[in-house]
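File shown: upload_31.tsv (TSV, C-alpha atoms).
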chain	number	residue	atom	x	y	z
A	1	MET	CA	93.48	-12.44	133.58
A	2	THR	CA	96.40	-14.54	132.35
A	3	ASP	CA	96.40	-15.86	128.80
A	4	GLN	CA	95.78	-19.38	130.11
A	5	ALA	CA	92.90	-18.27	132.32
A	6	GLN	CA	91.36	-16.42	129.40
A	7	ALA	CA	91.83	-19.46	127.14
A	8	ASP	CA	90.11	-21.66	129.70
A	9	ALA	CA	87.36	-19.16	130.40
A	10	TRP	CA	85.75	-19.12	126.98
A	11	ARG	CA	85.89	-22.91	126.76
A	12	ASP	CA	84.24	-23.11	130.15
A	13	ALA	CA	81.61	-20.69	128.88
A	14	ILE	CA	80.71	-23.23	126.18
A	15	PHE	CA	80.46	-25.95	128.79
A	16	ASP	CA	78.26	-23.75	130.99
A	17	ALA	CA	75.99	-23.00	128.03
A	18	PHE	CA	75.66	-26.75	127.35
A	19	GLN	CA	74.69	-27.38	130.95
A	20	ASP	CA	72.23	-24.50	131.07
A	21	ALA	CA	70.59	-25.68	127.84
A	22	GLY	CA	70.28	-29.26	129.07
A	23	ILE	CA	72.61	-30.73	126.47
A	24	ALA	CA	72.75	-34.46	127.30
A	25	GLN	CA	74.86	-35.87	124.45
A	26	VAL	CA	78.04	-34.28	123.12
A	27	ALA	CA	79.25	-36.11	120.03
A	28	TYR	CA	82.75	-35.26	118.95
A	29	VAL	CA	85.75	-35.91	116.80
A	30	PRO	CA	88.68	-34.59	118.82
A	31	ASP	CA	90.44	-31.33	118.22
A	32	ALA	CA	93.18	-29.79	120.32
A	33	GLY	CA	91.10	-26.64	120.54
A	34	HIS	CA	88.23	-28.58	122.12
A	35	LYS	CA	90.47	-30.62	124.46
A	36	ARG	CA	89.37	-28.96	127.68
A	37	LEU	CA	85.70	-28.96	126.70
A	38	ILE	CA	85.83	-32.67	125.77
A	39	GLU	CA	87.47	-33.51	129.10
A	40	ARG	CA	84.90	-31.54	131.05
A	41	THR	CA	82.09	-33.21	129.12
A	42	HIS	CA	83.45	-36.68	129.89
A	43	ALA	CA	83.65	-35.77	133.58
A	44	ALA	CA	80.20	-34.19	133.81
A	45	ASN	CA	77.21	-35.80	135.43
A	46	GLY	CA	74.14	-35.91	133.23
A	47	MET	CA	76.12	-35.41	130.06
A	48	ARG	CA	77.35	-38.17	127.80
A	49	ALA	CA	80.40	-37.60	125.60
A	50	MET	CA	80.00	-39.71	122.47
A	51	SER	CA	83.25	-40.38	120.69
A	52	VAL	CA	82.88	-40.96	116.96
A	53	ALA	CA	85.57	-41.56	114.37
A	54	THR	CA	84.08	-39.38	111.64
A	55	GLU	CA	81.90	-36.31	111.87
A	56	GLU	CA	78.96	-37.67	109.85
A	57	ASP	CA	78.38	-40.26	112.56
A	58	ALA	CA	78.00	-37.44	115.08
A	59	VAL	CA	75.27	-35.88	112.93
A	60	ALA	CA	73.37	-39.18	112.82
A	61	CYS	CA	73.97	-39.87	116.52
A	62	LEU	CA	72.49	-36.54	117.55
A	63	ALA	CA	69.46	-37.07	115.33
A	64	GLY	CA	68.91	-40.29	117.24
A	65	ALA	CA	69.39	-38.50	120.53
A	66	TRP	CA	66.64	-36.00	119.66
A	67	LEU	CA	64.37	-38.80	118.50
A	68	GLY	CA	64.88	-40.19	122.00
A	69	GLY	CA	64.22	-36.87	123.72
A	70	GLN	CA	67.76	-35.68	124.42
A	71	LYS	CA	69.45	-32.51	123.26
A	72	GLY	CA	72.91	-32.80	121.73
A	73	ALA	CA	75.82	-30.75	120.51
A	74	LEU	CA	78.59	-31.57	118.03
A	75	LEU	CA	82.26	-30.69	118.46
A	76	MET	CA	84.71	-30.91	115.58
A	77	GLN	CA	87.33	-29.01	113.63
A	78	SER	CA	86.94	-27.44	110.22
A	79	SER	CA	88.73	-30.29	108.45
A	80	GLY	CA	85.74	-32.49	109.36
A	81	VAL	CA	83.07	-30.30	107.77
A	82	GLY	CA	83.38	-32.07	104.44
A	83	ASN	CA	82.66	-35.39	106.11
A	84	THR	CA	79.27	-34.18	107.32
A	85	ILE	CA	77.73	-33.04	104.06
A	86	ASN	CA	75.62	-36.02	103.02
A	87	MET	CA	74.56	-36.75	106.60
A	88	LEU	CA	73.43	-33.15	107.02
A	89	SER	CA	70.62	-34.14	104.65
A	90	LEU	CA	69.22	-36.18	107.54
A	91	ALA	CA	69.17	-33.14	109.82
A	92	LYS	CA	67.88	-30.82	107.12
A	93	THR	CA	65.20	-33.09	105.65
A	94	CYS	CA	63.80	-34.14	109.01
A	95	GLN	CA	64.43	-30.76	110.70
A	96	PHE	CA	66.52	-32.24	113.46
A	97	PRO	CA	67.97	-29.53	115.72
A	98	LEU	CA	71.75	-29.58	115.48
A	99	PRO	CA	74.15	-27.06	117.03
A	100	MET	CA	77.77	-27.53	115.92
A	101	PHE	CA	80.90	-26.00	117.42
A	102	ILE	CA	83.77	-25.93	115.00
A	103	THR	CA	87.36	-24.97	115.73
A	104	MET	CA	88.86	-23.41	112.63
A	105	ARG	CA	92.11	-24.37	110.97
A	106	GLY	CA	93.63	-23.01	107.81
A	107	GLU	CA	93.36	-19.35	108.70
A	108	TRP	CA	95.24	-17.15	111.24
A	109	GLY	CA	98.89	-18.30	111.32
A	110	GLU	CA	98.21	-21.77	109.93
A	111	PHE	CA	101.42	-23.71	109.39
A	112	ASN	CA	99.96	-26.75	107.65
A	113	SER	CA	99.04	-25.98	104.04
A	114	TRP	CA	96.84	-29.12	103.87
A	115	GLN	CA	94.44	-27.48	106.32
A	116	MET	CA	93.81	-24.51	104.07
A	117	GLN	CA	91.27	-26.10	101.73
A	118	MET	CA	88.65	-27.04	104.31
A	119	GLY	CA	89.42	-24.07	106.51
A	120	GLU	CA	88.75	-21.64	103.69
A	121	THR	CA	85.61	-23.40	102.44
A	122	SER	CA	83.95	-24.70	105.62
A	123	GLN	CA	81.51	-21.85	106.05
A	124	ALA	CA	80.46	-21.93	102.41
A	125	HIS	CA	79.94	-25.70	102.53
A	126	LEU	CA	77.85	-25.41	105.67
A	127	GLU	CA	75.76	-22.57	104.31
A	128	LEU	CA	75.13	-24.47	101.08
A	129	SER	CA	73.86	-27.30	103.27
A	130	GLY	CA	71.45	-24.96	105.01
A	131	VAL	CA	73.41	-24.44	108.22
A	132	LYS	CA	73.26	-21.00	109.84
A	133	CYS	CA	76.83	-19.97	110.69
A	134	TYR	CA	78.16	-17.58	113.34
A	135	ARG	CA	81.84	-16.72	113.76
A	136	CYS	CA	83.60	-15.97	117.03
A	137	GLU	CA	86.79	-13.95	116.76
A	138	THR	CA	87.35	-12.96	120.40
A	139	PRO	CA	86.82	-14.59	123.81
A	140	GLU	CA	84.13	-12.03	124.57
A	141	ASP	CA	82.05	-13.28	121.62
A	142	VAL	CA	81.84	-16.87	122.73
A	143	ALA	CA	79.30	-17.21	125.54
A	144	GLU	CA	76.48	-15.32	123.89
A	145	THR	CA	77.10	-16.80	120.46
A	146	VAL	CA	77.04	-20.34	121.80
A	147	ARG	CA	73.78	-19.71	123.62
A	148	VAL	CA	72.23	-18.18	120.51
A	149	ALA	CA	73.31	-21.14	118.36
A	150	ILE	CA	71.85	-23.68	120.78
A	151	ASP	CA	68.59	-21.79	121.26
A	152	GLN	CA	68.15	-21.18	117.57
A	153	ALA	CA	68.69	-24.83	116.72
A	154	TYR	CA	66.28	-26.11	119.34
A	155	ASN	CA	63.64	-23.41	118.99
A	156	GLY	CA	63.71	-23.48	115.22
A	157	ASN	CA	64.37	-27.19	114.54
A	158	CYS	CA	67.33	-26.17	112.40
A	159	GLN	CA	71.08	-26.57	112.11
A	160	THR	CA	73.51	-23.97	113.42
A	161	ALA	CA	77.30	-23.74	113.57
A	162	VAL	CA	79.62	-21.61	115.65
A	163	LEU	CA	82.94	-21.21	113.87
A	164	LEU	CA	85.61	-20.57	116.48
A	165	ALA	CA	88.27	-18.59	114.62
A	166	GLN	CA	91.84	-19.83	114.61
A	167	LYS	CA	92.95	-16.47	115.99
A	168	LEU	CA	90.80	-17.25	119.02
A	169	VAL	CA	91.64	-20.95	119.33
A	170	GLY	CA	95.39	-20.63	118.83
A	171	THR	CA	97.77	-21.79	116.17
A	172	LYS	CA	99.20	-25.28	116.20
A	173	LYS	CA	103.00	-25.16	116.12
A	174	PHE	CA	105.03	-27.68	114.17
A	175	SER	CA	108.70	-28.37	114.76
A	176	ASP	CA	111.18	-31.01	113.73
A	177	GLY	CA	112.16	-33.43	116.43
A	178	GLY	CA	109.34	-32.84	118.84
A	179	LEU	CA	105.65	-33.04	119.47
A	180	GLY	CA	103.53	-30.16	118.31
A	181	ASP	CA	103.22	-27.50	120.97
A	182	ASN	CA	99.53	-26.76	120.98
A	183	LYS	CA	98.56	-23.43	122.36
A	184	LYS	CA	95.42	-24.16	124.31
B	1	MET	CA	53.87	-64.77	113.05
B	2	SER	CA	54.87	-66.07	109.66
B	3	THR	CA	57.22	-68.95	108.96
B	4	ILE	CA	60.61	-67.88	107.68
B	5	GLU	CA	60.90	-69.13	104.13
B	6	THR	CA	63.82	-69.75	101.83
B	7	LYS	CA	64.14	-68.75	98.21
B	8	PRO	CA	65.01	-71.15	95.35
B	9	ASP	CA	68.69	-70.39	95.96
B	10	GLY	CA	68.31	-71.91	99.42
B	11	LEU	CA	68.89	-68.62	101.23
B	12	ILE	CA	66.58	-66.88	103.68
B	13	ASP	CA	63.68	-64.84	102.30
B	14	ARG	CA	64.14	-61.34	103.70
B	15	ARG	CA	60.46	-60.44	103.88
B	16	THR	CA	59.27	-63.40	105.96
B	17	PHE	CA	62.38	-63.08	108.16
B	18	VAL	CA	61.76	-59.44	109.06
B	19	ASP	CA	58.06	-60.16	109.54
B	20	HIS	CA	59.00	-62.90	112.02
B	21	LEU	CA	61.65	-60.77	113.70
B	22	VAL	CA	59.33	-57.91	114.68
B	23	ALA	CA	56.08	-59.84	115.16
B	24	ASN	CA	54.13	-58.76	118.27
B	25	ARG	CA	56.78	-56.17	119.01
B	26	GLY	CA	54.89	-53.66	121.17
B	27	ASP	CA	56.31	-50.30	122.22
B	28	ASP	CA	59.44	-51.61	123.93
B	29	LEU	CA	61.28	-51.78	120.62
B	30	CYS	CA	62.41	-48.75	118.60
B	31	ILE	CA	63.72	-49.36	115.09
B	32	VAL	CA	65.86	-47.25	112.77
B	33	ALA	CA	65.81	-48.77	109.29
B	34	GLY	CA	68.53	-48.15	106.73
B	35	LEU	CA	67.63	-46.89	103.29
B	36	GLY	CA	66.31	-49.20	100.59
B	37	SER	CA	65.09	-52.72	101.12
B	38	PRO	CA	65.35	-52.81	104.94
B	39	CYS	CA	62.77	-49.99	104.97
B	40	TYR	CA	60.50	-51.91	102.60
B	41	ASP	CA	60.82	-55.10	104.66
B	42	LEU	CA	59.98	-53.25	107.86
B	43	LYS	CA	57.03	-51.47	106.28
B	44	ALA	CA	55.74	-54.77	104.86
B	45	ALA	CA	55.91	-56.26	108.36
B	46	GLY	CA	53.63	-53.47	109.57
B	47	ASP	CA	54.15	-49.76	109.94
B	48	HIS	CA	54.63	-48.50	113.50
B	49	PRO	CA	55.21	-45.04	115.02
B	50	LEU	CA	58.45	-46.28	116.60
B	51	ASN	CA	59.88	-47.08	113.17
B	52	PHE	CA	62.15	-44.42	111.72
B	53	TYR	CA	62.85	-45.01	108.05
B	54	LEU	CA	65.86	-43.52	106.26
B	55	TYR	CA	65.36	-42.65	102.61
B	56	GLY	CA	68.91	-41.36	102.34
B	57	ALA	CA	71.73	-40.53	104.76
B	58	MET	CA	73.43	-43.80	103.84
B	59	GLY	CA	75.51	-45.08	106.72
B	60	GLY	CA	73.37	-43.29	109.27
B	61	ALA	CA	71.16	-46.07	110.64
B	62	VAL	CA	73.63	-47.49	113.17
B	63	PRO	CA	74.98	-44.23	114.60
B	64	MET	CA	71.43	-42.84	114.73
B	65	ALA	CA	70.30	-45.92	116.64
B	66	MET	CA	73.30	-45.40	118.94
B	67	GLY	CA	72.19	-41.89	119.89
B	68	LEU	CA	68.64	-43.10	120.38
B	69	ALA	CA	69.77	-46.04	122.53
B	70	ALA	CA	71.86	-43.73	124.72
B	71	ALA	CA	68.85	-41.46	125.19
B	72	GLN	CA	66.45	-44.32	125.93
B	73	PRO	CA	68.24	-46.92	128.05
B	74	GLU	CA	64.95	-48.56	129.07
B	75	LYS	CA	63.99	-49.35	125.47
B	76	ARG	CA	65.43	-51.88	123.07
B	77	VAL	CA	66.80	-50.03	120.05
B	78	MET	CA	67.47	-51.83	116.78
B	79	ALA	CA	69.20	-50.69	113.63
B	80	LEU	CA	67.78	-52.77	110.78
B	81	THR	CA	70.09	-52.33	107.86
B	82	GLY	CA	71.83	-53.92	104.91
B	83	ASP	CA	75.37	-54.88	104.03
B	84	GLY	CA	75.78	-51.96	101.65
B	85	GLU	CA	74.76	-49.39	104.26
B	86	VAL	CA	76.94	-50.91	106.96
B	87	LEU	CA	79.93	-50.98	104.62
B	88	MET	CA	79.48	-47.27	103.93
B	89	GLY	CA	79.15	-46.60	107.65
B	90	LEU	CA	81.72	-48.95	109.21
B	91	THR	CA	82.87	-46.11	111.43
B	92	GLY	CA	79.37	-45.91	112.88
B	93	LEU	CA	79.38	-49.66	113.52
B	94	ALA	CA	82.69	-49.17	115.34
B	95	ALA	CA	81.45	-46.21	117.38
B	96	ALA	CA	78.40	-48.18	118.51
B	97	GLY	CA	80.60	-51.15	119.46
B	98	ALA	CA	82.88	-48.90	121.45
B	99	GLU	CA	80.02	-47.08	123.17
B	100	GLY	CA	78.94	-50.34	124.77
B	101	LEU	CA	75.20	-49.73	124.97
B	102	GLU	CA	73.43	-52.78	126.39
B	103	ASN	CA	70.14	-51.96	124.66
B	104	LEU	CA	71.50	-51.59	121.13
B	105	ILE	CA	71.02	-54.32	118.53
B	106	VAL	CA	72.20	-54.17	114.92
B	107	VAL	CA	70.58	-56.56	112.45
B	108	VAL	CA	72.26	-56.67	109.06
B	109	LEU	CA	70.33	-58.10	106.11
B	110	ASP	CA	73.27	-59.33	104.06
B	111	ASN	CA	72.35	-60.14	100.47
B	112	GLU	CA	75.84	-59.29	99.20
B	113	ARG	CA	74.24	-56.78	96.84
B	114	TYR	CA	73.45	-53.13	96.35
B	115	GLY	CA	69.76	-53.74	95.74
B	116	GLU	CA	68.73	-50.21	94.83
B	117	THR	CA	71.29	-49.64	92.13
B	118	GLY	CA	71.19	-52.75	90.00
B	119	GLN	CA	72.26	-55.65	92.22
B	120	GLN	CA	75.98	-54.95	92.02
B	121	THR	CA	77.89	-57.08	94.51
B	122	THR	CA	79.21	-55.62	97.76
B	123	HIS	CA	82.41	-56.52	99.57
B	124	THR	CA	80.57	-59.26	101.48
B	125	ALA	CA	80.40	-61.20	98.20
B	126	ARG	CA	84.18	-61.00	98.04
B	127	GLY	CA	85.33	-62.23	101.39
B	128	VAL	CA	84.40	-59.47	103.83
B	129	ASN	CA	82.67	-61.04	106.83
B	130	LEU	CA	80.54	-58.58	108.79
B	131	ALA	CA	79.92	-60.95	111.72
B	132	GLN	CA	83.68	-61.31	112.22
B	133	THR	CA	83.93	-57.56	111.82
B	134	ALA	CA	81.39	-56.99	114.59
B	135	ILE	CA	83.38	-59.25	116.91
B	136	GLY	CA	86.45	-57.19	116.19
B	137	LEU	CA	84.55	-53.96	116.78
B	138	GLY	CA	83.67	-54.91	120.34
B	139	TYR	CA	80.11	-56.21	120.05
B	140	ARG	CA	79.33	-58.36	123.09
B	141	ALA	CA	76.97	-60.70	121.27
B	142	VAL	CA	77.28	-61.61	117.61
B	143	ARG	CA	75.20	-64.04	115.55
B	144	ASP	CA	76.20	-65.26	112.11
B	145	ILE	CA	72.88	-66.48	110.70
B	146	LYS	CA	72.50	-68.70	107.64
B	147	THR	CA	69.41	-70.88	108.14
B	148	PRO	CA	65.73	-70.19	108.84
B	149	ASP	CA	65.96	-72.05	112.17
B	150	GLU	CA	68.82	-69.84	113.32
B	151	ALA	CA	66.98	-66.78	112.06
B	152	ALA	CA	63.85	-67.71	113.99
B	153	GLU	CA	65.81	-67.48	117.26
B	154	LEU	CA	66.42	-63.78	116.68
B	155	HIS	CA	62.80	-62.91	117.54
B	156	ASP	CA	63.46	-63.61	121.22
B	157	TRP	CA	67.18	-62.80	121.10
B	158	ILE	CA	66.63	-59.13	120.28
B	159	LYS	CA	64.43	-58.81	123.39
B	160	THR	CA	66.90	-60.32	125.82
B	161	VAL	CA	70.44	-60.09	124.49
B	162	GLN	CA	72.91	-57.84	126.29
B	163	GLY	CA	74.25	-55.42	123.73
B	164	PRO	CA	75.86	-54.04	121.88
B	165	ALA	CA	74.67	-56.94	119.78
B	166	CYS	CA	74.93	-57.66	116.08
B	167	ALA	CA	73.26	-60.32	113.96
B	168	VAL	CA	74.33	-60.74	110.37
B	169	VAL	CA	71.71	-62.63	108.41
B	170	LYS	CA	72.62	-64.03	105.02
B	171	ILE	CA	69.54	-63.53	102.87
B	172	SER	CA	68.65	-64.30	99.30
B	173	ALA	CA	69.53	-61.66	96.75
B	174	GLU	CA	66.13	-62.14	95.19
B	175	ALA	CA	64.35	-58.78	95.43
B	176	ALA	CA	61.16	-58.68	97.47
B	177	GLY	CA	59.51	-55.66	95.88
B	178	MET	CA	58.95	-52.22	97.24
B	179	ALA	CA	56.68	-51.54	100.20
B	180	LEU	CA	57.05	-47.81	100.64
B	181	PRO	CA	56.82	-46.29	104.12
B	182	PRO	CA	56.09	-42.60	104.62
B	183	GLN	CA	58.89	-40.48	103.18
B	184	ASP	CA	58.20	-37.23	105.04
B	185	GLY	CA	61.03	-37.06	107.57
B	186	VAL	CA	59.43	-34.36	109.69
B	187	TYR	CA	56.27	-36.44	109.98
B	188	LEU	CA	58.28	-39.56	110.87
B	189	LYS	CA	60.17	-37.61	113.53
B	190	HIS	CA	57.05	-36.10	115.10
B	191	ARG	CA	55.06	-39.31	115.22
B	192	PHE	CA	58.03	-41.16	116.72
B	193	ARG	CA	58.54	-38.54	119.46
B	194	GLU	CA	54.84	-38.28	120.14
B	195	ARG	CA	54.56	-42.03	120.66
B	196	LEU	CA	57.80	-42.38	122.62
B	197	LEU	CA	57.83	-39.19	124.64
B	198	GLY	CA	54.26	-37.97	124.53
B	199	VAL	CA	55.39	-34.62	123.16
B	200	GLN	CA	53.55	-32.66	120.51
B	201	PRO	CA	55.26	-30.86	117.62
B	202	ARG	CA	55.94	-27.24	118.36
What would you get if you wrote out this structure as structure tokens?
Amino acid sequence: MTDQAQADAWRDAIFDAFQDAGIAQVAYVPDAGHKRLIERTHAANGMRAMSVATEEDAVACLAGAWLGGQKGALLMQSSGVGNTINMLSLAKTCQFPLPMFITMRGEWGEFNSWQMQMGETSQAHLELSGVKCYRCETPEDVAETVRVAIDQAYNGNCQTAVLLAQKLVGTKKFSDGGLGDNKK
Amino acid sequence: MSTIETKPDGLIDRRTFVDHLVANRGDDLCIVAGLGSPCYDLKAAGDHPLNFYLYGAMGGAVPMAMGLAAAQPEKRVMALTGDGEVLMGLTGLAAAGAEGLENLIVVVLDNERYGETGQQTTHTARGVNLAQTAIGLGYRAVRDIKTPDEAAELHDWIKTVQGPACAVVKISAEAAGMALPPQDGVYLKHRFRERLLGVQPR
């Protein structure tokens, strides 16, 4: 399998898990690492991609979705974890199921020092907020972990997060005089 | 249905307004109420299984109503909230405007105050206009309400307007007293889903 095919394959495995689980609303704040998944979600029948400008709104949106009988999933990057903290009280207090899929920054090969703070503390913040966290380091980890996180959230009325390691997602490249060359 | 009253300052009384707004509502209307006085007003108008009251999660009422409206396109879904909550959650107001849901209505009770924390003024007391904001955020229908007669029209408007819609109602800052709805979020969730979807807690 080429690198590109492998990079697409684990993202498609997330999409397949969403479809199999009956995920109807995917609320997201964009990340380059989720680009393909976001595009597939927008194109999918029976799935609504909900674009929000800050991650806490995704938490509230998906609580509303469940109130209305639809399953949801949240896509974001680690820099957005801090934005969710107060709104996670809604999910926690009311036991709203909430699976989150978080692309990590600030770890493997990170160029941007401003990403380090949230990257290094995301899991601790989430766990303090009562979110069960699972990390994926390799493409082989992804499919099963995503399915476990969705099932656990919806069977247990709880909040789960899959942290997709930067080594898996790829490192954003910065250069002077050009757009960043994102490894997909 | 009560008559919408004004307070000595000439502004709309929040309690009689909300009572009028949701009178004879039936099960076609789902309501997410923002924390603080909007919850008390809604409870005072009559508790209902299709009311979901926030006791925290400030800024969450509008985006929560958005997710609910997307899931339930055949229902009317209203976020009943205050100026303080909307100002904390302007991004949620924007997301709901952009999402373009025809069945979503936002009603803002604008007293220009943070009522729960000592009546400090909000930005709406200093020139921020939330009705103009809603226009700019893509709401298809916007009402800027200042009189009881205008406010009385909202009873029918919320049943027929093509959303996303937003009504900003200037109300008196005079507090109306607490009318506390149930605080147990799990209970509120289960009774809402049982009434709406016919599903039992599991």
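Excluding Ser172 in chain B itself and any same-chain residue fewer than 2 positions from it, the protein and nucleic acid residues within 7 Å of it, counting all atoms listed in the file, are Lys7, Asp9, Leu11, Ile12, Asp13, Arg14, Asn111, Lys170 and Glu174 of chain B.
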Shell around Cys136 in chain A at 10 Å using only C-alpha atoms, local window under 4 positions removed, as a PyMOL selection string: chain A and resi 103+140-146+162-169
Within-7 Å shell of (64.9, -43.8, 107.1) in input frame, all atoms listed in the file, as a ChimeraX atom specification: /B:32-35,39,52-56
Would you output that residue set with C-alpha atoms, as a PDB file, in the frame of the given file?
ATOM      1  CA  VAL B  32      65.860 -47.250 112.770  1.00  0.00           C
ATOM      2  CA  ALA B  33      65.810 -48.770 109.290  1.00  0.00           C
ATOM      3  CA  GLY B  34      68.530 -48.150 106.730  1.00  0.00           C
ATOM      4  CA  LEU B  35      67.630 -46.890 103.290  1.00  0.00           C
ATOM      5  CA  CYS B  39      62.770 -49.990 104.970  1.00  0.00           C
ATOM      6  CA  PHE B  52      62.150 -44.420 111.720  1.00  0.00           C
ATOM      7  CA  TYR B  53      62.850 -45.010 108.050  1.00  0.00           C
ATOM      8  CA  LEU B  54      65.860 -43.520 106.260  1.00  0.00           C
ATOM      9  CA  TYR B  55      65.360 -42.650 102.610  1.00  0.00           C
ATOM     10  CA  GLY B  56      68.910 -41.360 102.340  1.00  0.00           C
TER      11      GLY B  56
END
Tell me, counting all atoms listed in the file, for each residue of chain B within 8 Å of chain A, which pair of atoms is nearest and how far apart they are in Å to one decimal, in rows ordered by chain and increasing number, as a tab-separated table.
residue	atom	partner	partner_atom	distance
B:Gly56	CA	A:Leu90	CA	7.3
B:Ala57	CA	A:Met87	CA	5.1
B:Met58	CA	A:Met87	CA	7.7
B:Gly60	CA	A:Ala60	CA	5.4
B:Ala61	CA	A:Ala60	CA	7.6
B:Pro63	CA	A:Cys61	CA	4.9
B:Met64	CA	A:Cys61	CA	4.3
B:Ala65	CA	A:Gly64	CA	5.8
B:Met66	CA	A:Cys61	CA	6.1
B:Gly67	CA	A:Cys61	CA	4.3
B:Leu68	CA	A:Gly64	CA	4.2
B:Ala69	CA	A:Gly68	CA	7.6
B:Ala70	CA	A:Ala65	CA	7.1
B:Ala71	CA	A:Gly68	CA	5.2
B:Gln72	CA	A:Gly68	CA	5.9
B:Thr91	CA	A:Ala53	CA	6.1
B:Gly92	CA	A:Asp57	CA	5.7
B:Ala95	CA	A:Val52	CA	5.5
B:Glu99	CA	A:Met50	CA	7.4
B:Asp184	CA	A:Cys94	CA	7.5
B:Gly185	CA	A:Cys94	CA	4.3
B:Val186	CA	A:Cys94	CA	4.4
B:Tyr187	CA	A:Cys94	CA	7.9
B:Leu188	CA	A:Cys94	CA	8.0
B:Lys189	CA	A:Leu67	CA	6.6
B:Phe192	CA	A:Leu67	CA	7.0
B:Arg193	CA	A:Leu67	CA	5.9
B:Leu196	CA	A:Gly68	CA	7.4
B:Leu197	CA	A:Gly69	CA	6.9
Quick one: write out the picked residues with C-alpha atoms as a compact mmCIF listing (two decimals), in the coordinates of the input?
# COMPACT_ATOMS: atom_id res chain seq x y z
CA GLY B 56 68.91 -41.36 102.34
CA ALA B 57 71.73 -40.53 104.76
CA MET B 58 73.43 -43.80 103.84
CA GLY B 60 73.37 -43.29 109.27
CA ALA B 61 71.16 -46.07 110.64
CA PRO B 63 74.98 -44.23 114.60
CA MET B 64 71.43 -42.84 114.73
CA ALA B 65 70.30 -45.92 116.64
CA MET B 66 73.30 -45.40 118.94
CA GLY B 67 72.19 -41.89 119.89
CA LEU B 68 68.64 -43.10 120.38
CA ALA B 69 69.77 -46.04 122.53
CA ALA B 70 71.86 -43.73 124.72
CA ALA B 71 68.85 -41.46 125.19
CA GLN B 72 66.45 -44.32 125.93
CA THR B 91 82.87 -46.11 111.43
CA GLY B 92 79.37 -45.91 112.88
CA ALA B 95 81.45 -46.21 117.38
CA GLU B 99 80.02 -47.08 123.17
CA ASP B 184 58.20 -37.23 105.04
CA GLY B 185 61.03 -37.06 107.57
CA VAL B 186 59.43 -34.36 109.69
CA TYR B 187 56.27 -36.44 109.98
CA LEU B 188 58.28 -39.56 110.87
CA LYS B 189 60.17 -37.61 113.53
CA PHE B 192 58.03 -41.16 116.72
CA ARG B 193 58.54 -38.54 119.46
CA LEU B 196 57.80 -42.38 122.62
CA LEU B 197 57.83 -39.19 124.64
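CA of Gly26 in chain B is found 26.7 Å from CA of Asp83 in chain B.
In this structure, CA of Ile135 in chain B sits 17.5 Å away from CA of Gly82 in chain B.
Here CA of Gly109 in chain A and CA of Ala149 in chain A stand 26.7 Å from one another.
Of the listed residues (A:His34, A:His42, A:Arg147, A:His125), A:His34 comes nearest to Ile102 in chain A; the distances count all atoms listed in the file.
Using all atoms listed in the file, the smallest distance between any of B:Arg191, B:His123, B:Arg143, B:Arg76 and Val108 in chain B comes from B:Arg143.
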Around (58.1, -50.3, 110.4), as given in the file, which residues come within 9 Å? Count all atoms listed in the file and list them as a short mmCIF file (atom, residue, chain, number, x, y, z; two decimals) with C-alpha atoms, keeping the file's coordinate frame.
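What follows is the written file part_16.cif:
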data_model
loop_
_atom_site.label_atom_id
_atom_site.label_comp_id
_atom_site.auth_asym_id
_atom_site.auth_seq_id
_atom_site.Cartn_x
_atom_site.Cartn_y
_atom_site.Cartn_z
CA VAL B 22 59.33 -57.91 114.68
CA ILE B 31 63.72 -49.36 115.09
CA VAL B 32 65.86 -47.25 112.77
CA ALA B 33 65.81 -48.77 109.29
CA CYS B 39 62.77 -49.99 104.97
CA TYR B 40 60.50 -51.91 102.60
CA ASP B 41 60.82 -55.10 104.66
CA LEU B 42 59.98 -53.25 107.86
CA LYS B 43 57.03 -51.47 106.28
CA ALA B 44 55.74 -54.77 104.86
CA ALA B 45 55.91 -56.26 108.36
CA GLY B 46 53.63 -53.47 109.57
CA ASP B 47 54.15 -49.76 109.94
CA HIS B 48 54.63 -48.50 113.50
CA PRO B 49 55.21 -45.04 115.02
CA LEU B 50 58.45 -46.28 116.60
CA ASN B 51 59.88 -47.08 113.17
CA PHE B 52 62.15 -44.42 111.72
CA TYR B 53 62.85 -45.01 108.05
CA PRO B 181 56.82 -46.29 104.12
#
List the neighbours of Thr122 in chain B out to 12 Å using only C-alpha atoms; skip same-chain residues closer than 5 positions along the sequence, and give me the result as a tab-separated table (two decimals) with C-alpha atoms, in the frame of the given file.
chain	number	residue	atom	x	y	z
B	82	GLY	CA	71.83	-53.92	104.91
B	83	ASP	CA	75.37	-54.88	104.03
B	84	GLY	CA	75.78	-51.96	101.65
B	85	GLU	CA	74.76	-49.39	104.26
B	86	VAL	CA	76.94	-50.91	106.96
B	87	LEU	CA	79.93	-50.98	104.62
B	88	MET	CA	79.48	-47.27	103.93
B	110	ASP	CA	73.27	-59.33	104.06
B	111	ASN	CA	72.35	-60.14	100.47
B	112	GLU	CA	75.84	-59.29	99.20
B	113	ARG	CA	74.24	-56.78	96.84
B	114	TYR	CA	73.45	-53.13	96.35
B	115	GLY	CA	69.76	-53.74	95.74
B	117	THR	CA	71.29	-49.64	92.13
B	127	GLY	CA	85.33	-62.23	101.39
B	128	VAL	CA	84.40	-59.47	103.83
B	129	ASN	CA	82.67	-61.04	106.83
B	130	LEU	CA	80.54	-58.58	108.79
B	173	ALA	CA	69.53	-61.66	96.75
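Omitting Leu37 in chain A and its sequence neighbours fewer than 3 positions away, and counting all atoms listed in the file, the residues within 9 Å are Arg11, Asp12, Ile14, Phe15, Gly33, His34, Arg40, Thr41 and His42 of chain A.
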Polymer residues at most 7 Å from range 73-82 of chain A, all atoms listed in the file, same-chain spacing of 2 or more positions, as a ChimeraX atom specification: /A:23,25-31,55,58,84-85,98-105,115,118-119,122
